[in-house]
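Novice: Just so it is clear, I am handing over work24.pdb, which has PDB, C-alpha atoms and all ligand atoms.
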```pdb
ATOM      1  CA  MET L  30     124.635  84.509 139.583  1.00  0.00           C
ATOM      2  CA  ARG L  31     127.761  85.117 137.567  1.00  0.00           C
ATOM      3  CA  PRO L  32     131.122  85.553 139.315  1.00  0.00           C
ATOM      4  CA  GLU L  33     132.275  89.142 139.645  1.00  0.00           C
ATOM      5  CA  LEU L  34     133.325  90.537 136.273  1.00  0.00           C
ATOM      6  CA  GLN L  35     137.072  90.213 135.690  1.00  0.00           C
ATOM      7  CA  ALA L  36     137.608  91.026 132.032  1.00  0.00           C
ATOM      8  CA  VAL L  37     136.122  92.606 128.938  1.00  0.00           C
ATOM      9  CA  ILE L  38     137.081  91.059 125.602  1.00  0.00           C
ATOM     10  CA  PHE L  39     136.589  93.073 122.436  1.00  0.00           C
ATOM     11  CA  ASP L  40     136.199  92.079 118.818  1.00  0.00           C
ATOM     12  CA  LEU L  41     138.145  94.475 116.584  1.00  0.00           C
ATOM     13  CA  ASP L  42     136.562  94.960 113.144  1.00  0.00           C
ATOM     14  CA  GLY L  43     133.250  96.769 113.583  1.00  0.00           C
ATOM     15  CA  VAL L  44     133.610  97.212 117.365  1.00  0.00           C
ATOM     16  CA  VAL L  45     136.860  99.045 118.072  1.00  0.00           C
ATOM     17  CA  THR L  46     136.995 100.596 114.604  1.00  0.00           C
ATOM     18  CA  ASP L  47     135.001 100.527 111.390  1.00  0.00           C
ATOM     19  CA  THR L  48     137.289  98.214 109.434  1.00  0.00           C
ATOM     20  CA  ALA L  49     134.278  95.908 108.942  1.00  0.00           C
ATOM     21  CA  GLU L  50     133.368  98.317 106.136  1.00  0.00           C
ATOM     22  CA  TYR L  51     136.783  97.842 104.499  1.00  0.00           C
ATOM     23  CA  HIS L  52     136.428  94.056 104.675  1.00  0.00           C
ATOM     24  CA  TYR L  53     133.043  94.463 102.974  1.00  0.00           C
ATOM     25  CA  LEU L  54     134.406  96.710 100.215  1.00  0.00           C
ATOM     26  CA  ALA L  55     137.341  94.393  99.523  1.00  0.00           C
ATOM     27  CA  TRP L  56     135.177  91.222  99.429  1.00  0.00           C
ATOM     28  CA  LYS L  57     132.564  92.986  97.293  1.00  0.00           C
ATOM     29  CA  ALA L  58     135.217  93.941  94.710  1.00  0.00           C
ATOM     30  CA  LEU L  59     136.610  90.394  94.724  1.00  0.00           C
ATOM     31  CA  GLY L  60     133.108  88.909  94.400  1.00  0.00           C
ATOM     32  CA  GLU L  61     132.292  91.150  91.447  1.00  0.00           C
ATOM     33  CA  SER L  62     135.577  90.274  89.754  1.00  0.00           C
ATOM     34  CA  ILE L  63     134.584  86.578  89.717  1.00  0.00           C
ATOM     35  CA  GLY L  64     130.914  87.165  88.868  1.00  0.00           C
ATOM     36  CA  VAL L  65     129.504  86.780  92.387  1.00  0.00           C
ATOM     37  CA  PRO L  66     128.040  90.135  93.417  1.00  0.00           C
ATOM     38  CA  PHE L  67     126.425  90.200  96.857  1.00  0.00           C
ATOM     39  CA  THR L  68     124.372  92.421  99.142  1.00  0.00           C
ATOM     40  CA  ARG L  69     125.106  93.975 102.535  1.00  0.00           C
ATOM     41  CA  GLU L  70     122.628  91.469 103.941  1.00  0.00           C
ATOM     42  CA  PHE L  71     124.770  88.578 102.702  1.00  0.00           C
ATOM     43  CA  ASN L  72     127.849  90.396 104.013  1.00  0.00           C
ATOM     44  CA  GLU L  73     126.502  89.920 107.555  1.00  0.00           C
ATOM     45  CA  GLU L  74     127.363  86.219 107.101  1.00  0.00           C
ATOM     46  CA  LEU L  75     130.999  87.117 106.396  1.00  0.00           C
ATOM     47  CA  LYS L  76     131.484  89.274 109.500  1.00  0.00           C
ATOM     48  CA  GLY L  77     133.699  87.669 112.103  1.00  0.00           C
ATOM     49  CA  VAL L  78     134.519  84.769 109.784  1.00  0.00           C
ATOM     50  CA  SER L  79     138.106  83.958 108.729  1.00  0.00           C
ATOM     51  CA  ARG L  80     139.500  84.895 105.329  1.00  0.00           C
ATOM     52  CA  MET L  81     139.236  81.420 103.750  1.00  0.00           C
ATOM     53  CA  ASP L  82     135.843  80.679 105.330  1.00  0.00           C
ATOM     54  CA  SER L  83     134.599  83.997 103.919  1.00  0.00           C
ATOM     55  CA  LEU L  84     135.882  83.142 100.442  1.00  0.00           C
ATOM     56  CA  ASN L  85     134.213  79.720 100.619  1.00  0.00           C
ATOM     57  CA  LYS L  86     130.894  81.349 101.548  1.00  0.00           C
ATOM     58  CA  ILE L  87     131.146  83.726  98.574  1.00  0.00           C
ATOM     59  CA  LEU L  88     132.001  80.882  96.194  1.00  0.00           C
ATOM     60  CA  ALA L  89     129.078  78.834  97.551  1.00  0.00           C
ATOM     61  CA  LEU L  90     126.758  81.808  97.036  1.00  0.00           C
ATOM     62  CA  GLY L  91     127.736  81.870  93.361  1.00  0.00           C
ATOM     63  CA  GLY L  92     127.582  78.069  92.990  1.00  0.00           C
ATOM     64  CA  LYS L  93     131.333  78.127  92.339  1.00  0.00           C
ATOM     65  CA  GLU L  94     132.544  76.025  95.239  1.00  0.00           C
ATOM     66  CA  ASN L  95     134.160  73.549  92.838  1.00  0.00           C
ATOM     67  CA  SER L  96     135.378  76.040  90.244  1.00  0.00           C
ATOM     68  CA  TYR L  97     138.798  76.803  91.748  1.00  0.00           C
ATOM     69  CA  SER L  98     141.759  74.745  92.859  1.00  0.00           C
ATOM     70  CA  ASP L  99     143.153  75.285  96.366  1.00  0.00           C
ATOM     71  CA  GLU L 100     145.997  77.271  94.832  1.00  0.00           C
ATOM     72  CA  GLU L 101     143.580  79.532  92.926  1.00  0.00           C
ATOM     73  CA  LYS L 102     141.541  80.036  96.088  1.00  0.00           C
ATOM     74  CA  LEU L 103     144.663  81.144  97.943  1.00  0.00           C
ATOM     75  CA  GLU L 104     145.324  83.618  95.128  1.00  0.00           C
ATOM     76  CA  LEU L 105     141.745  84.997  95.357  1.00  0.00           C
ATOM     77  CA  ALA L 106     142.094  85.371  99.131  1.00  0.00           C
ATOM     78  CA  LYS L 107     145.414  87.146  98.585  1.00  0.00           C
ATOM     79  CA  GLN L 108     143.812  89.543  96.103  1.00  0.00           C
ATOM     80  CA  LYS L 109     141.161  90.459  98.670  1.00  0.00           C
ATOM     81  CA  ASN L 110     143.725  90.852 101.417  1.00  0.00           C
ATOM     82  CA  ASP L 111     146.028  93.027  99.268  1.00  0.00           C
ATOM     83  CA  HIS L 112     143.059  95.322  98.603  1.00  0.00           C
ATOM     84  CA  TYR L 113     142.115  95.333 102.317  1.00  0.00           C
ATOM     85  CA  VAL L 114     145.692  96.137 103.343  1.00  0.00           C
ATOM     86  CA  GLU L 115     145.621  99.111 100.930  1.00  0.00           C
ATOM     87  CA  LEU L 116     142.333 100.315 102.477  1.00  0.00           C
ATOM     88  CA  ILE L 117     143.553 100.096 106.089  1.00  0.00           C
ATOM     89  CA  LYS L 118     146.553 102.293 105.294  1.00  0.00           C
ATOM     90  CA  GLN L 119     144.163 105.183 105.946  1.00  0.00           C
ATOM     91  CA  VAL L 120     143.410 104.059 109.538  1.00  0.00           C
ATOM     92  CA  THR L 121     144.576 106.569 112.182  1.00  0.00           C
ATOM     93  CA  PRO L 122     143.950 106.981 115.945  1.00  0.00           C
ATOM     94  CA  ASP L 123     140.953 109.165 114.998  1.00  0.00           C
ATOM     95  CA  ASP L 124     139.212 106.071 113.660  1.00  0.00           C
ATOM     96  CA  VAL L 125     138.464 104.486 117.026  1.00  0.00           C
ATOM     97  CA  LEU L 126     134.655 104.238 117.114  1.00  0.00           C
ATOM     98  CA  PRO L 127     132.692 106.607 119.410  1.00  0.00           C
ATOM     99  CA  GLY L 128     132.636 105.616 123.077  1.00  0.00           C
ATOM    100  CA  ILE L 129     135.369 102.971 122.810  1.00  0.00           C
ATOM    101  CA  ARG L 130     138.279 104.999 124.230  1.00  0.00           C
ATOM    102  CA  GLU L 131     136.108 106.064 127.179  1.00  0.00           C
ATOM    103  CA  LEU L 132     135.003 102.471 127.724  1.00  0.00           C
ATOM    104  CA  ILE L 133     138.610 101.251 127.681  1.00  0.00           C
ATOM    105  CA  ALA L 134     139.587 103.962 130.192  1.00  0.00           C
ATOM    106  CA  ASP L 135     136.683 103.001 132.492  1.00  0.00           C
ATOM    107  CA  ILE L 136     137.612  99.300 132.299  1.00  0.00           C
ATOM    108  CA  HIS L 137     141.176 100.135 133.363  1.00  0.00           C
ATOM    109  CA  ALA L 138     139.940 102.466 136.111  1.00  0.00           C
ATOM    110  CA  LYS L 139     137.827  99.616 137.560  1.00  0.00           C
ATOM    111  CA  GLY L 140     140.873  97.349 137.607  1.00  0.00           C
ATOM    112  CA  LEU L 141     139.383  94.926 135.078  1.00  0.00           C
ATOM    113  CA  LYS L 142     141.411  93.198 132.391  1.00  0.00           C
ATOM    114  CA  ILE L 143     140.988  93.881 128.721  1.00  0.00           C
ATOM    115  CA  GLY L 144     141.540  91.594 125.753  1.00  0.00           C
ATOM    116  CA  LEU L 145     141.153  91.494 121.987  1.00  0.00           C
ATOM    117  CA  ALA L 146     139.685  88.489 120.173  1.00  0.00           C
ATOM    118  CA  SER L 147     139.811  89.107 116.426  1.00  0.00           C
ATOM    119  CA  VAL L 148     140.284  86.357 113.839  1.00  0.00           C
ATOM    120  CA  SER L 149     141.914  88.935 111.543  1.00  0.00           C
ATOM    121  CA  LYS L 150     145.558  88.342 110.720  1.00  0.00           C
ATOM    122  CA  ASN L 151     145.760  92.118 110.252  1.00  0.00           C
ATOM    123  CA  ALA L 152     144.640  92.815 113.840  1.00  0.00           C
ATOM    124  CA  PHE L 153     148.064  93.770 115.202  1.00  0.00           C
ATOM    125  CA  ALA L 154     148.628  96.199 112.305  1.00  0.00           C
ATOM    126  CA  VAL L 155     145.206  97.821 112.811  1.00  0.00           C
ATOM    127  CA  MET L 156     145.780  98.095 116.578  1.00  0.00           C
ATOM    128  CA  ASP L 157     149.116  99.777 115.891  1.00  0.00           C
ATOM    129  CA  SER L 158     147.490 102.243 113.468  1.00  0.00           C
ATOM    130  CA  LEU L 159     144.902 103.071 116.146  1.00  0.00           C
ATOM    131  CA  GLN L 160     147.721 103.342 118.741  1.00  0.00           C
ATOM    132  CA  LEU L 161     145.718 101.037 121.004  1.00  0.00           C
ATOM    133  CA  ARG L 162     148.042  98.075 121.385  1.00  0.00           C
ATOM    134  CA  ASP L 163     149.345  99.136 124.784  1.00  0.00           C
ATOM    135  CA  SER L 164     145.816  99.670 126.134  1.00  0.00           C
ATOM    136  CA  PHE L 165     145.075  95.942 125.936  1.00  0.00           C
ATOM    137  CA  ASP L 166     146.389  93.331 128.387  1.00  0.00           C
ATOM    138  CA  THR L 167     146.284  90.677 125.687  1.00  0.00           C
ATOM    139  CA  ILE L 168     145.670  90.309 121.968  1.00  0.00           C
ATOM    140  CA  VAL L 169     145.024  86.814 120.636  1.00  0.00           C
ATOM    141  CA  ASP L 170     147.167  85.957 117.623  1.00  0.00           C
ATOM    142  CA  ALA L 171     144.709  84.852 114.915  1.00  0.00           C
ATOM    143  CA  ALA L 172     147.472  82.833 113.251  1.00  0.00           C
ATOM    144  CA  LYS L 173     147.412  80.478 116.267  1.00  0.00           C
ATOM    145  CA  ILE L 174     143.655  79.888 116.204  1.00  0.00           C
ATOM    146  CA  ARG L 175     142.478  76.682 114.504  1.00  0.00           C
ATOM    147  CA  ASN L 176     138.745  77.377 114.383  1.00  0.00           C
ATOM    148  CA  SER L 177     137.308  80.720 113.300  1.00  0.00           C
ATOM    149  CA  LYS L 178     134.245  82.275 114.934  1.00  0.00           C
ATOM    150  CA  PRO L 179     131.485  81.041 115.457  1.00  0.00           C
ATOM    151  CA  ASP L 180     133.662  78.479 117.281  1.00  0.00           C
ATOM    152  CA  PRO L 181     134.374  79.683 120.855  1.00  0.00           C
ATOM    153  CA  GLU L 182     138.131  78.997 120.573  1.00  0.00           C
ATOM    154  CA  ILE L 183     139.295  82.602 120.194  1.00  0.00           C
ATOM    155  CA  PHE L 184     137.296  83.982 123.150  1.00  0.00           C
ATOM    156  CA  LEU L 185     138.403  81.031 125.317  1.00  0.00           C
ATOM    157  CA  LYS L 186     142.007  81.715 124.259  1.00  0.00           C
ATOM    158  CA  ALA L 187     141.662  85.385 125.248  1.00  0.00           C
ATOM    159  CA  ALA L 188     140.375  84.383 128.716  1.00  0.00           C
ATOM    160  CA  GLU L 189     143.207  81.869 129.062  1.00  0.00           C
ATOM    161  CA  GLN L 190     145.826  84.480 128.108  1.00  0.00           C
ATOM    162  CA  LEU L 191     144.295  86.874 130.652  1.00  0.00           C
ATOM    163  CA  GLY L 192     144.238  84.126 133.301  1.00  0.00           C
ATOM    164  CA  VAL L 193     140.535  84.574 134.031  1.00  0.00           C
ATOM    165  CA  ASP L 194     137.479  82.299 134.203  1.00  0.00           C
ATOM    166  CA  PRO L 195     135.464  82.623 130.936  1.00  0.00           C
ATOM    167  CA  ALA L 196     132.260  82.886 133.033  1.00  0.00           C
ATOM    168  CA  ALA L 197     133.700  86.108 134.516  1.00  0.00           C
ATOM    169  CA  CYS L 198     134.165  87.693 131.070  1.00  0.00           C
ATOM    170  CA  LEU L 199     132.043  89.941 128.932  1.00  0.00           C
ATOM    171  CA  GLY L 200     132.561  89.870 125.162  1.00  0.00           C
ATOM    172  CA  ILE L 201     131.603  92.630 122.708  1.00  0.00           C
ATOM    173  CA  GLU L 202     130.811  91.800 119.075  1.00  0.00           C
ATOM    174  CA  ASP L 203     129.227  93.251 115.932  1.00  0.00           C
ATOM    175  CA  ALA L 204     128.877  89.887 114.130  1.00  0.00           C
ATOM    176  CA  ALA L 205     126.374  87.068 114.579  1.00  0.00           C
ATOM    177  CA  ALA L 206     129.243  84.544 114.311  1.00  0.00           C
ATOM    178  CA  GLY L 207     131.094  86.480 117.026  1.00  0.00           C
ATOM    179  CA  VAL L 208     128.133  86.476 119.396  1.00  0.00           C
ATOM    180  CA  THR L 209     127.808  82.708 118.910  1.00  0.00           C
ATOM    181  CA  SER L 210     131.518  82.401 119.732  1.00  0.00           C
ATOM    182  CA  ILE L 211     131.121  84.444 122.961  1.00  0.00           C
ATOM    183  CA  LYS L 212     128.085  82.449 124.078  1.00  0.00           C
ATOM    184  CA  GLY L 213     129.834  79.170 123.250  1.00  0.00           C
ATOM    185  CA  ALA L 214     132.665  80.277 125.542  1.00  0.00           C
ATOM    186  CA  GLY L 215     130.159  80.738 128.384  1.00  0.00           C
ATOM    187  CA  MET L 216     130.643  84.514 128.500  1.00  0.00           C
ATOM    188  CA  PHE L 217     128.154  87.380 128.682  1.00  0.00           C
ATOM    189  CA  ALA L 218     127.576  88.620 125.120  1.00  0.00           C
ATOM    190  CA  VAL L 219     127.120  92.268 124.182  1.00  0.00           C
ATOM    191  CA  GLY L 220     126.105  92.920 120.576  1.00  0.00           C
ATOM    192  CA  VAL L 221     126.637  96.176 118.726  1.00  0.00           C
ATOM    193  CA  GLY L 222     124.400  96.592 115.700  1.00  0.00           C
ATOM    194  CA  ASP L 223     121.077  95.185 114.562  1.00  0.00           C
ATOM    195  CA  SER L 224     119.070  93.450 117.315  1.00  0.00           C
ATOM    196  CA  MET L 225     117.573  90.903 114.899  1.00  0.00           C
ATOM    197  CA  THR L 226     120.957  89.917 113.443  1.00  0.00           C
ATOM    198  CA  LEU L 227     122.496  89.712 116.922  1.00  0.00           C
ATOM    199  CA  ALA L 228     119.468  88.131 118.640  1.00  0.00           C
ATOM    200  CA  GLU L 229     121.647  85.563 120.417  1.00  0.00           C
ATOM    201  CA  ALA L 230     123.409  88.292 122.441  1.00  0.00           C
ATOM    202  CA  ASP L 231     122.440  88.971 126.074  1.00  0.00           C
ATOM    203  CA  ILE L 232     122.030  92.630 125.208  1.00  0.00           C
ATOM    204  CA  VAL L 233     122.325  94.623 121.968  1.00  0.00           C
ATOM    205  CA  TYR L 234     123.147  98.311 121.507  1.00  0.00           C
ATOM    206  CA  ALA L 235     122.652 100.087 118.198  1.00  0.00           C
ATOM    207  CA  SER L 236     126.095 101.684 118.282  1.00  0.00           C
ATOM    208  CA  THR L 237     129.336 101.785 120.275  1.00  0.00           C
ATOM    209  CA  ALA L 238     128.431 105.312 121.430  1.00  0.00           C
ATOM    210  CA  GLU L 239     125.819 103.692 123.700  1.00  0.00           C
ATOM    211  CA  LEU L 240     128.275 101.447 125.530  1.00  0.00           C
ATOM    212  CA  SER L 241     128.824 102.423 129.167  1.00  0.00           C
ATOM    213  CA  LEU L 242     130.692 100.272 131.688  1.00  0.00           C
ATOM    214  CA  ASP L 243     128.270 101.081 134.501  1.00  0.00           C
ATOM    215  CA  GLN L 244     125.316  99.916 132.427  1.00  0.00           C
ATOM    216  CA  LEU L 245     127.153  96.847 131.190  1.00  0.00           C
ATOM    217  CA  LEU L 246     127.948  95.882 134.783  1.00  0.00           C
ATOM    218  CA  VAL L 247     124.283  96.132 135.751  1.00  0.00           C
ATOM    219  CA  GLN L 248     123.309  93.921 132.809  1.00  0.00           C
ATOM    220  CA  TYR L 249     126.115  91.450 133.480  1.00  0.00           C
ATOM    221  CA  GLN L 250     125.312  91.091 137.177  1.00  0.00           C
ATOM    222  CA  GLY L 251     121.642  90.473 136.444  1.00  0.00           C
ATOM    223  CA  THR L 252     122.288  87.270 134.490  1.00  0.00           C
ATOM    224  CA  ALA L 253     122.983  83.721 135.548  1.00  0.00           C
ATOM    225  CA  VAL L 254     125.768  81.620 134.022  1.00  0.00           C
ATOM    226  CA  GLU L 255     124.420  79.391 131.279  1.00  0.00           C
ATOM    227  CA  GLN L 256     125.621  75.824 130.946  1.00  0.00           C
ATOM    228  CA  VAL L 257     127.700  75.392 127.792  1.00  0.00           C
TER     229      VAL L 257
HETATM  230  C1  LIG B 301     137.291  89.473 111.129  1.00  0.00           C
HETATM  231  C2  LIG B 301     136.385  90.183 110.158  1.00  0.00           C
HETATM  232  O1  LIG B 301     137.594  90.326 112.186  1.00  0.00           O
HETATM  233  O2  LIG B 301     138.498  89.085 110.490  1.00  0.00           O
HETATM  234  C3  LIG B 301     136.150  89.339 108.918  1.00  0.00           C
HETATM  235  O3  LIG B 301     135.144  90.437 110.800  1.00  0.00           O
HETATM  236  C4  LIG B 301     137.488  88.932 108.316  1.00  0.00           C
HETATM  237  O4  LIG B 301     135.388  90.079 107.993  1.00  0.00           O
HETATM  238  C5  LIG B 301     138.312  88.213 109.380  1.00  0.00           C
HETATM  239  O5  LIG B 301     137.293  88.055 107.203  1.00  0.00           O
HETATM  240  C6  LIG B 301     139.686  87.779 108.861  1.00  0.00           C
HETATM  241  O6  LIG B 301     140.442  88.907 108.580  1.00  0.00           O
HETATM  242  P1  LIG B 301     141.810  88.922 107.769  1.00  0.00           P
HETATM  243  O7  LIG B 301     142.282  90.352 107.954  1.00  0.00           O
HETATM  244  O8  LIG B 301     142.727  87.935 108.418  1.00  0.00           O
HETATM  245  O9  LIG B 301     141.493  88.574 106.370  1.00  0.00           O
HETATM  246 MG    MG B 302     133.605  92.294 113.952  1.00  0.00          MG
END
```
Let's see the structure in the file written out as structure tokens.
Specialist:
Amino acid sequence: MRPELQAVIFDLDGVVTDTAEYHYLAWKALGESIGVPFTREFNEELKGVSRMDSLNKILALGGKENSYSDEEKLELAKQKNDHYVELIKQVTPDDVLPGIRELIADIHAKGLKIGLASVSKNAFAVMDSLQLRDSFDTIVDAAKIRNSKPDPEIFLKAAEQLGVDPAACLGIEDAAAGVTSIKGAGMFAVGVGDSMTLAEADIVYASTAELSLDQLLVQYQGTAVEQV
């Protein structure tokens, strides 16, 4: 059996708010500008992945991995980020996804800790726009993470900052790379989205509106710790 649950660790983009859509729109525009259009299906591979890793995946898709110098790649990544930063200017506290504020309140009421594990360097700005920063006990600084999801580093860092055993944590993700990161950290993984895409998760819900702490606790307690 798992130890008693101590903390819930959230991904940001696509879980707390729908900024995953803004990342998609900004990458899509960048891809088209360099002759690499892509589908929403391909976009699933970019979710949860760092800015430069995402750019490299897009370039590889278009067979352009050797077409740009490191300096030019930094400029392309900057173009995408400038566009994304414009798009997130419209984020307000009304943009917290359905069910998330209630879930956060229930987590606090149960005396559990709450963390944020996003590889986005814009995470603090988005959390401020949502007025959610004070609701979290810790937010991992993506600038201090060496390895992007799917590596477990960021979820392990969140547990460390919270001072809890990773096995006593539950992580919530909308990205396949994020679920892999949670599982690699030895945590219980909750996916939000498509059950095929997130097949590695311990449980998948179609939307955040379906997340309930009571149900999550039942699911969490019913699983054994896996060796990682
Ligand atoms: C993740 C998103 O949260 O952050 C990815 O799912 C994004 O799509 C990554 O590429 C990095 O974000 P940023 O804001 O630092 O470019
Ligand atoms: Mg996400």
Novice: Considering all atoms listed in the file, give me a table of residues in chain L that are at most 9 Å from ligand LIG 301 (chain B), with the closest atom pair and distance in Å for each, as JSON lines.
Specialist:
```
{"residue": "L:Asp40", "atom": "CA", "partner": "B:LIG301", "partner_atom": "O1", "distance": 7.0}
{"residue": "L:Leu41", "atom": "CA", "partner": "B:LIG301", "partner_atom": "O1", "distance": 6.1}
{"residue": "L:Asp42", "atom": "CA", "partner": "B:LIG301", "partner_atom": "O1", "distance": 4.8}
{"residue": "L:Gly43", "atom": "CA", "partner": "B:LIG301", "partner_atom": "O3", "distance": 7.2}
{"residue": "L:Thr48", "atom": "CA", "partner": "B:LIG301", "partner_atom": "C2", "distance": 8.1}
{"residue": "L:Ala49", "atom": "CA", "partner": "B:LIG301", "partner_atom": "O3", "distance": 5.8}
{"residue": "L:Glu50", "atom": "CA", "partner": "B:LIG301", "partner_atom": "O4", "distance": 8.7}
{"residue": "L:Tyr51", "atom": "CA", "partner": "B:LIG301", "partner_atom": "O4", "distance": 8.6}
{"residue": "L:His52", "atom": "CA", "partner": "B:LIG301", "partner_atom": "O4", "distance": 5.3}
{"residue": "L:Tyr53", "atom": "CA", "partner": "B:LIG301", "partner_atom": "O4", "distance": 7.1}
{"residue": "L:Trp56", "atom": "CA", "partner": "B:LIG301", "partner_atom": "O4", "distance": 8.6}
{"residue": "L:Asn72", "atom": "CA", "partner": "B:LIG301", "partner_atom": "O4", "distance": 8.5}
{"residue": "L:Glu73", "atom": "CA", "partner": "B:LIG301", "partner_atom": "O4", "distance": 8.9}
{"residue": "L:Glu74", "atom": "CA", "partner": "B:LIG301", "partner_atom": "O4", "distance": 8.9}
{"residue": "L:Leu75", "atom": "CA", "partner": "B:LIG301", "partner_atom": "O4", "distance": 5.5}
{"residue": "L:Lys76", "atom": "CA", "partner": "B:LIG301", "partner_atom": "O3", "distance": 4.1}
{"residue": "L:Gly77", "atom": "CA", "partner": "B:LIG301", "partner_atom": "O3", "distance": 3.4}
{"residue": "L:Val78", "atom": "CA", "partner": "B:LIG301", "partner_atom": "C3", "distance": 4.9}
{"residue": "L:Ser79", "atom": "CA", "partner": "B:LIG301", "partner_atom": "C6", "distance": 4.1}
{"residue": "L:Arg80", "atom": "CA", "partner": "B:LIG301", "partner_atom": "O5", "distance": 4.3}
{"residue": "L:Met81", "atom": "CA", "partner": "B:LIG301", "partner_atom": "O5", "distance": 7.7}
{"residue": "L:Asp82", "atom": "CA", "partner": "B:LIG301", "partner_atom": "O5", "distance": 7.7}
{"residue": "L:Ser83", "atom": "CA", "partner": "B:LIG301", "partner_atom": "O5", "distance": 5.9}
{"residue": "L:Leu84", "atom": "CA", "partner": "B:LIG301", "partner_atom": "O5", "distance": 8.5}
{"residue": "L:Ala106", "atom": "CA", "partner": "B:LIG301", "partner_atom": "O9", "distance": 7.9}
{"residue": "L:Lys107", "atom": "CA", "partner": "B:LIG301", "partner_atom": "O9", "distance": 8.8}
{"residue": "L:Lys109", "atom": "CA", "partner": "B:LIG301", "partner_atom": "O9", "distance": 7.9}
{"residue": "L:Asn110", "atom": "CA", "partner": "B:LIG301", "partner_atom": "O9", "distance": 5.9}
{"residue": "L:Tyr113", "atom": "CA", "partner": "B:LIG301", "partner_atom": "O7", "distance": 7.5}
{"residue": "L:Val114", "atom": "CA", "partner": "B:LIG301", "partner_atom": "O7", "distance": 8.1}
{"residue": "L:Ala146", "atom": "CA", "partner": "B:LIG301", "partner_atom": "O1", "distance": 8.5}
{"residue": "L:Ser147", "atom": "CA", "partner": "B:LIG301", "partner_atom": "O1", "distance": 4.9}
{"residue": "L:Val148", "atom": "CA", "partner": "B:LIG301", "partner_atom": "O2", "distance": 4.7}
{"residue": "L:Ser149", "atom": "CA", "partner": "B:LIG301", "partner_atom": "O6", "distance": 3.3}
{"residue": "L:Lys150", "atom": "CA", "partner": "B:LIG301", "partner_atom": "O8", "distance": 3.7}
{"residue": "L:Asn151", "atom": "CA", "partner": "B:LIG301", "partner_atom": "O7", "distance": 4.5}
{"residue": "L:Ala152", "atom": "CA", "partner": "B:LIG301", "partner_atom": "O7", "distance": 6.8}
{"residue": "L:Ala171", "atom": "CA", "partner": "B:LIG301", "partner_atom": "O8", "distance": 7.5}
{"residue": "L:Ala172", "atom": "CA", "partner": "B:LIG301", "partner_atom": "O8", "distance": 8.5}
{"residue": "L:Ser177", "atom": "CA", "partner": "B:LIG301", "partner_atom": "C5", "distance": 8.5}
{"residue": "L:Lys178", "atom": "CA", "partner": "B:LIG301", "partner_atom": "C1", "distance": 8.7}
{"residue": "L:Asp203", "atom": "CA", "partner": "B:LIG301", "partner_atom": "O3", "distance": 8.3}
{"residue": "L:Ala204", "atom": "CA", "partner": "B:LIG301", "partner_atom": "O3", "distance": 7.1}
{"residue": "L:Gly207", "atom": "CA", "partner": "B:LIG301", "partner_atom": "O3", "distance": 8.4}
```
Novice: One decimal, Å: what's the distance from atom CA of L:Asp170 over to atom CA of L:Val45, could you say?
Specialist: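 Atom CA of L:Val45 lies 16.7 Å from atom CA of L:Asp170.
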Novice: So how many Å separate atom CA of L:Thr167 and atom CA of L:Val37, to one decimal?
Specialist: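 If I compute the distance from atom CA of L:Thr167 to atom CA of L:Val37, I get 10.8 Å.
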Novice: Which one is closest to ligand MG 302 (chain B): L:Ala206, L:Val125, L:Ile168, L:Leu161? Count only C-alpha atoms and all ligand atoms.
Specialist: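 Under the stated criterion, the closest residue is L:Ala206.
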Novice: Once the PyMOL selection byres (((chain L and resi 197) around 8) and not hetatm) has been applied to the shown file, what residues remain in the selection, as a PDB file with C-alpha atoms, keeping the file's coordinate frame?
Specialist:
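Once written, part10.pdb looks like this:
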```pdb
ATOM      1  CA  ARG L  31     127.761  85.117 137.567  1.00  0.00           C
ATOM      2  CA  PRO L  32     131.122  85.553 139.315  1.00  0.00           C
ATOM      3  CA  GLU L  33     132.275  89.142 139.645  1.00  0.00           C
ATOM      4  CA  LEU L  34     133.325  90.537 136.273  1.00  0.00           C
ATOM      5  CA  GLN L  35     137.072  90.213 135.690  1.00  0.00           C
ATOM      6  CA  ALA L  36     137.608  91.026 132.032  1.00  0.00           C
ATOM      7  CA  VAL L 193     140.535  84.574 134.031  1.00  0.00           C
ATOM      8  CA  ASP L 194     137.479  82.299 134.203  1.00  0.00           C
ATOM      9  CA  PRO L 195     135.464  82.623 130.936  1.00  0.00           C
ATOM     10  CA  ALA L 196     132.260  82.886 133.033  1.00  0.00           C
ATOM     11  CA  CYS L 198     134.165  87.693 131.070  1.00  0.00           C
ATOM     12  CA  LEU L 199     132.043  89.941 128.932  1.00  0.00           C
ATOM     13  CA  MET L 216     130.643  84.514 128.500  1.00  0.00           C
TER      14      MET L 216
END
```
Novice: Which residues, named as in the file, does the PyMOL selection byres (((chain L and resi 226) around 12) and not hetatm) pick out? Answer as a ChimeraX atom specification.
Specialist: /L:70-74,76,202-209,220-225,227-230,233-235
Novice: Go through L:Ile201, L:Ala154, L:Arg162, L:Gly192 one by one, measure the shortest atom-to-atom distance of each to L:Val120 using all atoms listed in the file, and give the residue with the smallest value.
Specialist: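 Closest residue, counting all atoms listed in the file: L:Ala154.
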Novice: Using only C-alpha atoms, which of the listed residues (L:Leu126, L:Ile63, L:Ala55, L:Met30) sits closest to L:Ser96?
Specialist: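 That would be L:Ile63, the residue with the smallest distance to L:Ser96.
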